[in-house]
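Asks: Here you go, target_8.cif (mmCIF, C-alpha atoms and all ligand atoms):
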```
data_start
#
loop_
_atom_site.label_atom_id
_atom_site.label_comp_id
_atom_site.auth_asym_id
_atom_site.auth_seq_id
_atom_site.Cartn_x
_atom_site.Cartn_y
_atom_site.Cartn_z
CA MET A 186 3.96 8.62 4.26
CA ALA A 187 2.73 11.47 2.11
CA GLU A 188 -0.94 12.39 2.15
CA PRO A 189 -2.85 9.67 0.23
CA ILE A 190 -4.07 10.63 -3.23
CA LEU A 191 -5.34 7.19 -4.26
CA GLU A 192 -6.65 4.54 -1.85
CA VAL A 193 -7.66 1.18 -3.23
CA GLY A 194 -9.56 -1.25 -1.02
CA GLY A 195 -10.85 -4.77 -1.70
CA LEU A 196 -10.58 -4.29 -5.45
CA VAL A 197 -12.02 -7.26 -7.36
CA ARG A 198 -12.53 -7.99 -11.03
CA HIS A 199 -14.04 -11.34 -11.95
CA TYR A 200 -14.87 -12.44 -15.48
CA PRO A 201 -17.45 -15.12 -16.21
CA LEU A 202 -15.93 -18.24 -17.77
CA THR A 203 -18.35 -19.43 -20.44
CA ARG A 204 -18.66 -22.49 -22.69
CA GLY A 205 -20.71 -23.14 -25.79
CA VAL A 206 -21.28 -21.04 -28.89
CA LEU A 207 -25.03 -21.10 -29.33
CA PHE A 208 -26.04 -21.51 -25.71
CA ARG A 209 -23.44 -19.70 -23.67
CA LYS A 210 -23.33 -21.18 -20.23
CA GLN A 211 -21.28 -19.88 -17.35
CA VAL A 212 -19.06 -22.67 -16.11
CA GLY A 213 -16.80 -20.75 -13.77
CA VAL A 214 -15.18 -17.50 -12.78
CA VAL A 215 -11.82 -16.00 -13.80
CA ARG A 216 -10.52 -14.23 -10.70
CA ALA A 217 -8.29 -11.77 -12.56
CA VAL A 218 -8.11 -9.38 -9.60
CA ASP A 219 -9.19 -10.88 -6.32
CA GLY A 220 -8.93 -8.39 -3.47
CA VAL A 221 -6.24 -5.77 -3.98
CA ASP A 222 -5.47 -3.06 -1.43
CA PHE A 223 -2.92 -0.26 -1.65
CA THR A 224 -2.44 3.42 -0.97
CA LEU A 225 -0.59 5.85 -3.21
CA GLY A 226 0.81 8.95 -1.51
CA ARG A 227 0.91 12.31 -3.28
CA GLY A 228 4.09 12.68 -5.30
CA GLU A 229 4.98 9.05 -4.67
CA THR A 230 5.66 6.15 -7.05
CA LEU A 231 4.17 2.78 -6.25
CA GLY A 232 5.66 -0.05 -8.29
CA ILE A 233 3.45 -3.07 -8.95
CA VAL A 234 5.25 -6.20 -10.10
CA GLY A 235 4.28 -9.77 -10.84
CA GLU A 236 4.39 -12.46 -13.51
CA SER A 237 2.30 -12.38 -16.67
CA GLY A 238 -1.40 -12.91 -16.03
CA CYS A 239 -1.38 -11.95 -12.33
CA GLY A 240 -3.84 -9.10 -12.93
CA LYS A 241 -1.66 -6.00 -13.24
CA SER A 242 -3.28 -4.58 -16.38
CA THR A 243 -6.75 -5.33 -15.04
CA VAL A 244 -5.93 -3.24 -11.95
CA ALA A 245 -4.61 -0.47 -14.22
CA ARG A 246 -7.74 -0.46 -16.37
CA MET A 247 -9.96 -0.18 -13.30
CA LEU A 248 -7.88 2.71 -11.91
CA VAL A 249 -8.45 4.75 -15.07
CA HIS A 250 -12.05 3.62 -15.32
CA LEU A 251 -11.69 1.68 -18.56
CA GLU A 252 -13.26 -1.18 -16.69
CA ARG A 253 -15.65 -1.39 -13.76
CA PRO A 254 -14.66 -3.33 -10.65
CA THR A 255 -16.79 -6.30 -9.60
CA ALA A 256 -16.30 -5.04 -6.03
CA GLY A 257 -14.16 -2.68 -4.03
CA ALA A 258 -13.39 1.01 -3.78
CA ILE A 259 -10.99 3.37 -5.58
CA ARG A 260 -10.78 6.58 -3.62
CA PHE A 261 -9.27 9.65 -5.26
CA LYS A 262 -8.62 12.28 -2.58
CA GLY A 263 -11.08 10.48 -0.34
CA GLU A 264 -13.90 10.17 -2.88
CA ASP A 265 -14.92 6.73 -4.16
CA VAL A 266 -14.63 6.96 -7.96
CA VAL A 267 -16.46 3.67 -8.45
CA ARG A 268 -19.67 5.23 -7.18
CA LEU A 269 -19.44 8.40 -9.26
CA SER A 270 -21.20 8.99 -12.55
CA GLY A 271 -21.85 11.79 -15.02
CA ARG A 272 -20.01 15.04 -14.61
CA ALA A 273 -18.42 14.19 -11.26
CA LEU A 274 -16.89 11.04 -12.77
CA LYS A 275 -15.62 12.90 -15.81
CA ALA A 276 -13.90 15.45 -13.58
CA VAL A 277 -12.08 12.72 -11.65
CA ARG A 278 -11.17 10.76 -14.79
CA ARG A 279 -9.29 13.77 -16.07
CA ASN A 280 -7.04 13.51 -13.06
CA ILE A 281 -6.04 9.86 -13.49
CA GLN A 282 -4.45 9.14 -16.86
CA MET A 283 -2.79 6.08 -18.33
CA VAL A 284 0.40 5.43 -20.28
CA PHE A 285 0.19 2.16 -22.19
CA GLN A 286 2.69 -0.62 -22.64
CA ASP A 287 3.29 -0.90 -26.33
CA PRO A 288 4.02 2.35 -28.14
CA TYR A 289 3.94 0.44 -31.45
CA THR A 290 0.29 -0.57 -31.18
CA SER A 291 -1.22 1.99 -28.80
CA LEU A 292 -0.78 4.97 -31.16
CA ASN A 293 -3.16 5.23 -34.10
CA PRO A 294 -0.91 5.02 -37.22
CA ARG A 295 -3.28 7.18 -39.28
CA MET A 296 -3.28 10.13 -36.89
CA THR A 297 -0.58 12.79 -36.72
CA VAL A 298 1.33 13.16 -33.51
CA GLY A 299 -0.40 16.48 -32.92
CA ASP A 300 -3.83 14.88 -33.18
CA ILE A 301 -2.80 11.96 -30.96
CA ILE A 302 -1.50 14.17 -28.18
CA GLY A 303 -4.43 16.58 -28.52
CA GLU A 304 -7.06 13.83 -28.60
CA PRO A 305 -7.86 14.06 -24.87
CA TYR A 306 -9.03 17.66 -25.48
CA GLU A 307 -11.83 16.28 -27.69
CA ILE A 308 -13.17 14.33 -24.71
CA HIS A 309 -12.47 17.12 -22.22
CA PRO A 310 -12.89 20.33 -24.24
CA GLU A 311 -12.98 22.35 -21.03
CA ALA A 312 -9.30 21.51 -20.45
CA ALA A 313 -8.07 23.82 -23.22
CA PRO A 314 -9.80 26.37 -25.46
CA LYS A 315 -9.83 25.26 -29.09
CA GLY A 316 -7.58 28.04 -30.32
CA ASP A 317 -4.92 27.19 -27.76
CA ARG A 318 -4.66 23.44 -28.30
CA ARG A 319 -1.93 23.31 -30.93
CA ARG A 320 0.25 25.58 -28.87
CA ARG A 321 -0.25 23.28 -25.88
CA VAL A 322 0.58 20.21 -27.95
CA ARG A 323 3.83 21.84 -29.12
CA GLU A 324 4.63 22.64 -25.52
CA LEU A 325 3.96 19.02 -24.54
CA LEU A 326 6.26 17.78 -27.32
CA ASP A 327 8.98 20.03 -25.96
CA VAL A 328 8.36 18.88 -22.36
CA VAL A 329 8.89 15.20 -23.29
CA GLY A 330 12.03 15.98 -25.27
CA LEU A 331 10.64 15.85 -28.83
CA ASN A 332 10.92 18.50 -31.52
CA PRO A 333 7.72 20.63 -31.59
CA GLU A 334 8.29 21.03 -35.35
CA HIS A 335 7.41 17.34 -35.76
CA ILE A 336 3.79 17.92 -34.76
CA ASN A 337 2.50 16.87 -38.22
CA ARG A 338 4.48 13.63 -38.46
CA TYR A 339 3.00 10.16 -38.09
CA PRO A 340 3.91 7.55 -35.44
CA HIS A 341 5.91 5.38 -37.89
CA GLN A 342 8.33 8.27 -38.37
CA PHE A 343 9.49 7.92 -34.76
CA SER A 344 11.58 5.34 -32.90
CA GLY A 345 10.12 3.17 -30.10
CA GLY A 346 11.47 5.40 -27.35
CA GLN A 347 10.18 8.51 -29.11
CA ARG A 348 6.77 6.92 -29.52
CA GLN A 349 6.61 6.22 -25.81
CA ARG A 350 7.42 9.90 -25.27
CA ILE A 351 4.39 10.69 -27.46
CA GLY A 352 2.29 8.35 -25.26
CA ILE A 353 3.55 10.16 -22.16
CA ALA A 354 2.79 13.58 -23.70
CA ARG A 355 -0.77 12.42 -24.38
CA GLY A 356 -1.01 11.20 -20.77
CA LEU A 357 0.02 14.67 -19.59
CA ALA A 358 -2.32 16.66 -21.88
CA LEU A 359 -5.06 17.06 -19.29
CA ARG A 360 -2.58 17.87 -16.49
CA PRO A 361 -3.53 14.85 -14.39
CA GLU A 362 -2.37 14.33 -10.82
CA VAL A 363 -2.01 10.56 -11.12
CA ILE A 364 -0.46 8.58 -13.97
CA VAL A 365 -0.96 4.84 -14.23
CA ALA A 366 1.85 3.49 -16.39
CA ASP A 367 1.26 -0.11 -17.47
CA GLU A 368 4.66 -1.57 -18.40
CA PRO A 369 5.69 1.70 -20.09
CA VAL A 370 9.19 0.50 -20.97
CA SER A 371 8.73 -3.27 -21.38
CA ALA A 372 8.52 -3.07 -25.19
CA LEU A 373 11.64 -0.89 -25.46
CA ASP A 374 15.33 -1.73 -25.88
CA VAL A 375 17.24 -1.82 -22.62
CA SER A 376 19.29 1.22 -23.65
CA VAL A 377 16.13 3.26 -24.22
CA GLN A 378 14.34 2.07 -21.06
CA ALA A 379 16.54 4.19 -18.76
CA GLN A 380 15.93 7.32 -20.85
CA VAL A 381 12.16 6.95 -20.62
CA ILE A 382 12.34 6.22 -16.88
CA ASN A 383 14.54 9.27 -16.34
CA LEU A 384 12.07 11.37 -18.30
CA MET A 385 9.20 10.09 -16.14
CA GLU A 386 11.15 10.95 -12.99
CA ARG A 387 11.86 14.46 -14.22
CA LEU A 388 8.20 15.01 -15.14
CA GLN A 389 7.13 13.75 -11.73
CA GLY A 390 9.16 16.49 -10.06
CA GLU A 391 8.12 19.14 -12.56
CA PHE A 392 4.37 18.47 -12.40
CA GLY A 393 4.03 16.98 -8.91
CA LEU A 394 2.74 13.69 -10.34
CA SER A 395 1.95 10.50 -8.45
CA TYR A 396 2.69 7.26 -10.32
CA VAL A 397 1.42 3.72 -10.29
CA PHE A 398 4.21 2.05 -12.26
CA ILE A 399 3.53 -1.50 -13.43
CA ALA A 400 6.21 -3.94 -14.56
CA HIS A 401 6.89 -7.64 -14.49
CA ASP A 402 10.55 -7.07 -13.73
CA LEU A 403 11.63 -6.07 -10.23
CA SER A 404 14.84 -4.51 -11.50
CA ILE A 405 12.91 -1.94 -13.57
CA VAL A 406 10.67 -0.69 -10.78
CA ARG A 407 13.48 -0.50 -8.24
CA HIS A 408 14.94 2.63 -9.74
CA ILE A 409 11.73 4.61 -9.85
CA SER A 410 9.60 3.28 -6.95
CA ASP A 411 9.27 4.59 -3.41
CA ARG A 412 7.19 1.58 -2.48
CA VAL A 413 6.55 -1.73 -4.21
CA GLY A 414 3.61 -4.13 -4.22
CA VAL A 415 4.26 -7.70 -5.38
CA MET A 416 1.26 -9.34 -7.09
CA TYR A 417 0.53 -13.03 -7.40
CA LEU A 418 -2.63 -14.49 -8.92
CA GLY A 419 -4.88 -11.48 -8.39
CA ARG A 420 -3.56 -10.37 -4.99
CA ILE A 421 -0.77 -8.27 -3.56
CA VAL A 422 1.25 -10.71 -1.47
CA GLU A 423 3.89 -8.31 -0.15
CA THR A 424 4.15 -4.56 0.04
CA GLY A 425 6.72 -2.23 1.54
CA ARG A 426 9.26 0.47 0.91
CA ASP A 427 11.60 -0.36 -1.93
CA SER A 428 14.50 -0.91 0.48
CA GLU A 429 12.37 -3.31 2.55
CA ILE A 430 11.25 -5.32 -0.44
CA TYR A 431 14.71 -5.53 -2.03
CA ASP A 432 16.86 -5.96 1.07
CA ARG A 433 14.53 -7.85 3.39
CA PRO A 434 11.89 -9.65 1.35
CA ARG A 435 9.62 -11.72 3.62
CA HIS A 436 7.27 -13.51 1.25
CA PRO A 437 8.67 -16.61 -0.50
CA TYR A 438 7.33 -15.38 -3.84
CA THR A 439 9.15 -12.04 -3.54
CA GLN A 440 12.32 -13.91 -2.58
CA ALA A 441 12.01 -16.08 -5.67
CA LEU A 442 11.40 -13.07 -7.96
CA LEU A 443 14.39 -11.26 -6.48
CA SER A 444 16.66 -14.25 -6.78
CA ALA A 445 16.10 -14.13 -10.54
CA VAL A 446 17.19 -10.47 -10.87
CA PRO A 447 20.74 -10.20 -12.24
CA VAL A 448 23.29 -8.93 -9.70
CA PRO A 449 26.16 -6.87 -11.15
CA ASP A 450 28.48 -7.38 -8.16
CA PRO A 451 30.33 -10.73 -8.66
CA GLU A 452 30.89 -11.26 -4.92
CA ALA A 453 27.25 -10.74 -4.05
CA ARG A 454 26.37 -13.00 -6.97
CA GLU A 455 28.46 -15.82 -5.53
CA HIS A 456 26.71 -15.69 -2.17
CA ARG A 457 23.32 -15.68 -3.63
CA GLN A 458 21.06 -18.64 -3.80
CA ARG A 459 18.88 -18.83 -6.89
CA ILE A 460 15.34 -19.95 -6.18
CA ILE A 461 13.70 -21.68 -9.09
CA LEU A 462 9.97 -22.00 -8.73
CA SER A 463 8.46 -25.29 -9.78
CA GLY A 464 5.36 -25.45 -11.94
CA ASP A 465 3.38 -22.76 -13.69
CA VAL A 466 1.20 -20.06 -12.24
CA PRO A 467 -2.20 -21.70 -11.59
CA SER A 468 -5.13 -20.46 -13.66
CA PRO A 469 -7.07 -17.57 -12.12
CA ALA A 470 -10.16 -19.69 -12.89
CA ASN A 471 -8.89 -22.30 -10.46
CA VAL A 472 -7.24 -20.55 -7.52
CA PRO A 473 -5.70 -22.95 -4.93
CA SER A 474 -7.34 -23.15 -1.49
CA GLY A 475 -5.68 -21.44 1.46
CA CYS A 476 -2.54 -19.66 0.29
CA ARG A 477 -2.71 -19.13 -3.47
CA PHE A 478 1.06 -19.50 -3.76
CA ARG A 479 1.21 -22.90 -2.01
CA THR A 480 1.39 -25.03 -5.18
CA ARG A 481 4.78 -23.46 -5.98
CA CYS A 482 6.06 -22.67 -2.49
CA TRP A 483 8.99 -24.64 -1.09
CA LYS A 484 7.95 -23.69 2.46
CA ALA A 485 4.33 -24.84 2.21
CA ARG A 486 2.93 -26.81 5.14
CA GLU A 487 -0.49 -28.24 5.94
CA ARG A 488 -1.85 -24.98 7.29
CA CYS A 489 -1.14 -23.28 3.96
CA ALA A 490 -3.76 -25.43 2.20
CA THR A 491 -6.56 -24.74 4.66
CA GLU A 492 -6.06 -21.22 5.92
CA GLU A 493 -5.64 -18.13 3.80
CA PRO A 494 -2.78 -15.93 5.05
CA LEU A 495 -3.70 -12.29 5.63
CA PRO A 496 -1.21 -9.47 5.08
CA ALA A 497 0.71 -9.11 8.35
CA ALA A 498 3.25 -6.53 9.45
CA VAL A 499 6.86 -7.27 10.37
CA PRO A 500 7.08 -8.12 14.12
CA ALA A 501 8.45 -5.20 16.11
CA GLY A 502 11.67 -7.04 17.08
CA ALA A 503 12.62 -7.75 13.49
CA ARG A 504 11.71 -4.34 12.13
CA SER A 505 14.38 -2.41 10.34
CA THR A 506 15.37 1.05 11.55
CA THR A 507 13.47 2.73 8.77
CA GLY A 508 10.60 0.26 8.92
CA THR A 509 7.05 1.13 9.73
CA ALA A 510 4.00 -1.11 9.77
CA ALA A 511 3.75 -0.55 6.02
CA HIS A 512 5.88 -3.65 5.29
CA LEU A 513 3.23 -6.36 4.94
CA ALA A 514 3.45 -9.97 3.79
CA ALA A 515 0.58 -12.40 3.27
CA CYS A 516 2.31 -15.58 4.44
CA HIS A 517 1.90 -17.90 7.48
CA PHE A 518 5.65 -18.42 7.70
CA PRO A 519 7.34 -15.24 6.47
CA ASP A 520 11.03 -14.51 6.95
CA ASP A 521 11.35 -11.97 9.69
CA HIS A 522 15.13 -11.92 9.81
CA MET A 523 17.10 -8.78 9.12
CA ASP A 524 18.93 -10.05 6.03
CA GLY A 525 17.53 -10.71 2.61
CA VAL A 526 18.22 -13.74 0.45
CA THR A 527 21.07 -12.15 -1.48
N1 LIG B 1 -11.89 -9.70 -20.56
C1 LIG B 1 -11.40 -10.79 -19.97
N2 LIG B 1 -12.11 -11.94 -19.92
C2 LIG B 1 -11.63 -13.05 -19.30
N3 LIG B 1 -10.42 -13.12 -18.72
C3 LIG B 1 -9.66 -12.01 -18.75
C4 LIG B 1 -10.09 -10.79 -19.36
N4 LIG B 1 -9.10 -9.86 -19.22
C5 LIG B 1 -8.11 -10.47 -18.54
N5 LIG B 1 -8.44 -11.76 -18.25
C6 LIG B 1 -7.60 -12.72 -17.51
O1 LIG B 1 -7.28 -12.15 -16.29
C7 LIG B 1 -5.96 -12.48 -15.90
C8 LIG B 1 -5.16 -11.23 -15.61
O2 LIG B 1 -4.92 -10.53 -16.82
P1 LIG B 1 -4.05 -9.20 -16.89
O3 LIG B 1 -3.98 -8.78 -18.29
O4 LIG B 1 -4.57 -8.22 -15.90
O5 LIG B 1 -2.62 -9.72 -16.40
P2 LIG B 1 -1.20 -8.96 -16.40
O6 LIG B 1 -0.63 -9.14 -15.04
O7 LIG B 1 -1.37 -7.58 -16.91
O8 LIG B 1 -0.35 -9.83 -17.43
P3 LIG B 1 0.80 -9.38 -18.46
O9 LIG B 1 2.07 -9.28 -17.64
O10 LIG B 1 0.86 -10.51 -19.42
O11 LIG B 1 0.40 -8.09 -19.08
C9 LIG B 1 -5.38 -13.32 -17.03
O12 LIG B 1 -5.52 -14.67 -16.68
C10 LIG B 1 -6.27 -12.98 -18.19
O13 LIG B 1 -6.36 -14.06 -19.08
S1 LIG B 2 1.51 -19.20 3.48
FE1 LIG B 2 2.58 -21.13 3.19
S2 LIG B 2 2.42 -21.59 1.01
FE2 LIG B 2 1.88 -19.43 1.29
S3 LIG B 2 3.77 -18.35 0.93
FE3 LIG B 2 3.65 -18.69 3.12
S4 LIG B 2 4.74 -20.62 3.50
FE4 LIG B 2 4.33 -20.51 1.29
MG MG B 3 -0.53 -6.54 -18.55
#
```
Would you mind writing the structure in this file as structure tokens?
Ligand SMILES: Nc1ncnc2c1ncn2[C@@H]1O[C@H](COP(=O)(O)OP(=O)(O)OP(=O)(O)O)[C@@H](O)[C@H]1O
Ligand code: SF4
Ligand SMILES: [Mg+2]
Replies:
Amino acid sequence: MAEPILEVGGLVRHYPLTRGVLFRKQVGVVRAVDGVDFTLGRGETLGIVGESGCGKSTVARMLVHLERPTAGAIRFKGEDVVRLSGRALKAVRRNIQMVFQDPYTSLNPRMTVGDIIGEPYEIHPEAAPKGDRRRRVRELLDVVGLNPEHINRYPHQFSGGQRQRIGIARGLALRPEVIVADEPVSALDVSVQAQVINLMERLQGEFGLSYVFIAHDLSIVRHISDRVGVMYLGRIVETGRDSEIYDRPRHPYTQALLSAVPVPDPEAREHRQRIILSGDVPSPANVPSGCRFRTRCWKARERCATEEPLPAAVPAGARSTTGTAAHLAACHFPDDHMDGVT
């Protein structure tokens, strides 16, 4: 693997669950993120997938320091960002930027595109001298495939895909090394999704960027990710190279998610068994004992209710030719065969 640029260990974000209007009383804890570990290599794309409410955006907000972790470490080039403050923190924050999900709501409708893209320079004036900012913004418009002449237009004068390009240009303004993209194409038409993903891939090569790319759909992250982490109820339950996750998923949850992805090849489609999960995702305020997936798992046994499975590597005998210990699944009874469920 490439040299790590971001190392996340034991990341936790709990919210107090309160009742009462006048006398607020804490009655529980929402375990939005409950112990997440991953490493992002330089120049690499890590895809994070999982159903709505599993904690993806909370992880993203902590990575860009919009929210403080309850516990855990976020190391950028070896330095724990969580412990930094003042100038040292500001310097690191510049290097980790976010691209948001919904280009319709995340851009201020009353600001011109030039002001939106140049806004990060107000917070980090050292990044570009005042007299040079408009030139840089024009350059950024050009880089993301928009007309630099449109610098004085407003967000409503652009299409959804173009607005997401504006969001990406703003993310690039400070020349960060890491971009955290939280569902950057989920709000876009399918035909536009591929264009934005292709743009992100091109920019990655051009600027040597490392991406954390969040999506709820496995088929979207497949194209762009080098490695994938599958999240369930505040935890990553399986992580591996994209080929390992897609061709040899080991965790029952990953298998279920993959079985729902449309397969274009009719023959492969015929051989495939569709796994339909029963029940809803439990509330993060009431996480099941033992394995958190057990209430929906068709393989659950007694041990799953009492003992929490820790992420374990593929046994040497079942390892694929390209496999390293990086393929981990948190399950007591993972599939260690060579074939996937397709
Ligand atoms: N400020 C908060 N206070 C209390 N609970 C919160 C807060 N923010 C998020 N949560 C809860 O934490 C859980 C994870 O939320 P999060 O937004 O990270 O999920 P997500 O995976 O991004 O979902 P989606 O796919 O819908 O965007 C949810 O149950 C959510 O209701
Ligand atoms: S530990 Fe048990 S309940 Fe959890 S995923 Fe594995 S088999 Fe299913
Ligand atoms: Mg989200």
Asks: List all protein, DNA and RNA residues that have at least one atom no more than 9 Å from any atom of ligand MG 3 (chain B), counting all atoms listed in the file, and write them as a PyMOL selection string.
Replies: chain A and resi 237-243+245+286+367-368+399-401
Asks: By how many Å are atom CA of Arg323 of chain A and atom CA of Ile336 of chain A apart?
Replies: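 It comes out at 6.9 Å.
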Asks: Using atom CA of Trp483 of chain A and atom CA of Met416 of chain A as the two end points, give the distance in Å to one decimal.
Replies: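 Atom-to-atom, atom CA of Trp483 of chain A and atom CA of Met416 of chain A are spaced 18.2 Å apart.
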Asks: Could you report the residues within 12 Å of ligand LIG 2 (chain B), using only C-alpha atoms and all ligand atoms, as a PyMOL selection string?
Replies: chain A and resi 417+421-423+434-441+462+473-497+514-520
Asks: Write a file of the just-selected residues containing C-alpha atoms, as a tab-separated table (two decimals), keeping the file's coordinate frame.
Replies:
```tsv
chain	number	residue	atom	x	y	z
A	417	TYR	CA	0.53	-13.03	-7.40
A	421	ILE	CA	-0.77	-8.27	-3.56
A	422	VAL	CA	1.25	-10.71	-1.47
A	423	GLU	CA	3.89	-8.31	-0.15
A	434	PRO	CA	11.89	-9.65	1.35
A	435	ARG	CA	9.62	-11.72	3.62
A	436	HIS	CA	7.27	-13.51	1.25
A	437	PRO	CA	8.67	-16.61	-0.50
A	438	TYR	CA	7.33	-15.38	-3.84
A	439	THR	CA	9.15	-12.04	-3.54
A	440	GLN	CA	12.32	-13.91	-2.58
A	441	ALA	CA	12.01	-16.08	-5.67
A	462	LEU	CA	9.97	-22.00	-8.73
A	473	PRO	CA	-5.70	-22.95	-4.93
A	474	SER	CA	-7.34	-23.15	-1.49
A	475	GLY	CA	-5.68	-21.44	1.46
A	476	CYS	CA	-2.54	-19.66	0.29
A	477	ARG	CA	-2.71	-19.13	-3.47
A	478	PHE	CA	1.06	-19.50	-3.76
A	479	ARG	CA	1.21	-22.90	-2.01
A	480	THR	CA	1.39	-25.03	-5.18
A	481	ARG	CA	4.78	-23.46	-5.98
A	482	CYS	CA	6.06	-22.67	-2.49
A	483	TRP	CA	8.99	-24.64	-1.09
A	484	LYS	CA	7.95	-23.69	2.46
A	485	ALA	CA	4.33	-24.84	2.21
A	486	ARG	CA	2.93	-26.81	5.14
A	487	GLU	CA	-0.49	-28.24	5.94
A	488	ARG	CA	-1.85	-24.98	7.29
A	489	CYS	CA	-1.14	-23.28	3.96
A	490	ALA	CA	-3.76	-25.43	2.20
A	491	THR	CA	-6.56	-24.74	4.66
A	492	GLU	CA	-6.06	-21.22	5.92
A	493	GLU	CA	-5.64	-18.13	3.80
A	494	PRO	CA	-2.78	-15.93	5.05
A	495	LEU	CA	-3.70	-12.29	5.63
A	496	PRO	CA	-1.21	-9.47	5.08
A	497	ALA	CA	0.71	-9.11	8.35
A	514	ALA	CA	3.45	-9.97	3.79
A	515	ALA	CA	0.58	-12.40	3.27
A	516	CYS	CA	2.31	-15.58	4.44
A	517	HIS	CA	1.90	-17.90	7.48
A	518	PHE	CA	5.65	-18.42	7.70
A	519	PRO	CA	7.34	-15.24	6.47
A	520	ASP	CA	11.03	-14.51	6.95
```
Asks: What does the distance from atom O13 of ligand LIG 1 (chain B) to atom CA of Thr255 of chain A come to in Å, to one decimal?
Replies: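 Here the two named atoms are 16.1 Å from each other.
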Asks: Determine the nearest neighbour of ligand LIG 1 (chain B) from the options A:Met385, A:Ala498, A:Val466, A:Val298, counting only C-alpha atoms and all ligand atoms.
Replies: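 Among the listed residues, the smallest separation from ligand LIG 1 (chain B) belongs to A:Val466.
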Asks: I'd like the neighbourhood of Ala312 of chain A as a PyMOL selection string, where a residue qualifies if any of its atoms comes within 8 Å (using all atoms listed in the file), though same-chain residues fewer than 3 positions away should be ignored.
Replies: chain A and resi 306+309+359
Asks: Create the file for the chosen residues now, containing C-alpha atoms and written as a JSON list (two decimals), in the coordinates of the input.
Replies:
```json
[["chain", "number", "residue", "atom", "x", "y", "z"],
["A", 306, "TYR", "CA", -9.03, 17.66, -25.48],
["A", 309, "HIS", "CA", -12.47, 17.12, -22.22],
["A", 359, "LEU", "CA", -5.06, 17.06, -19.29]]
```
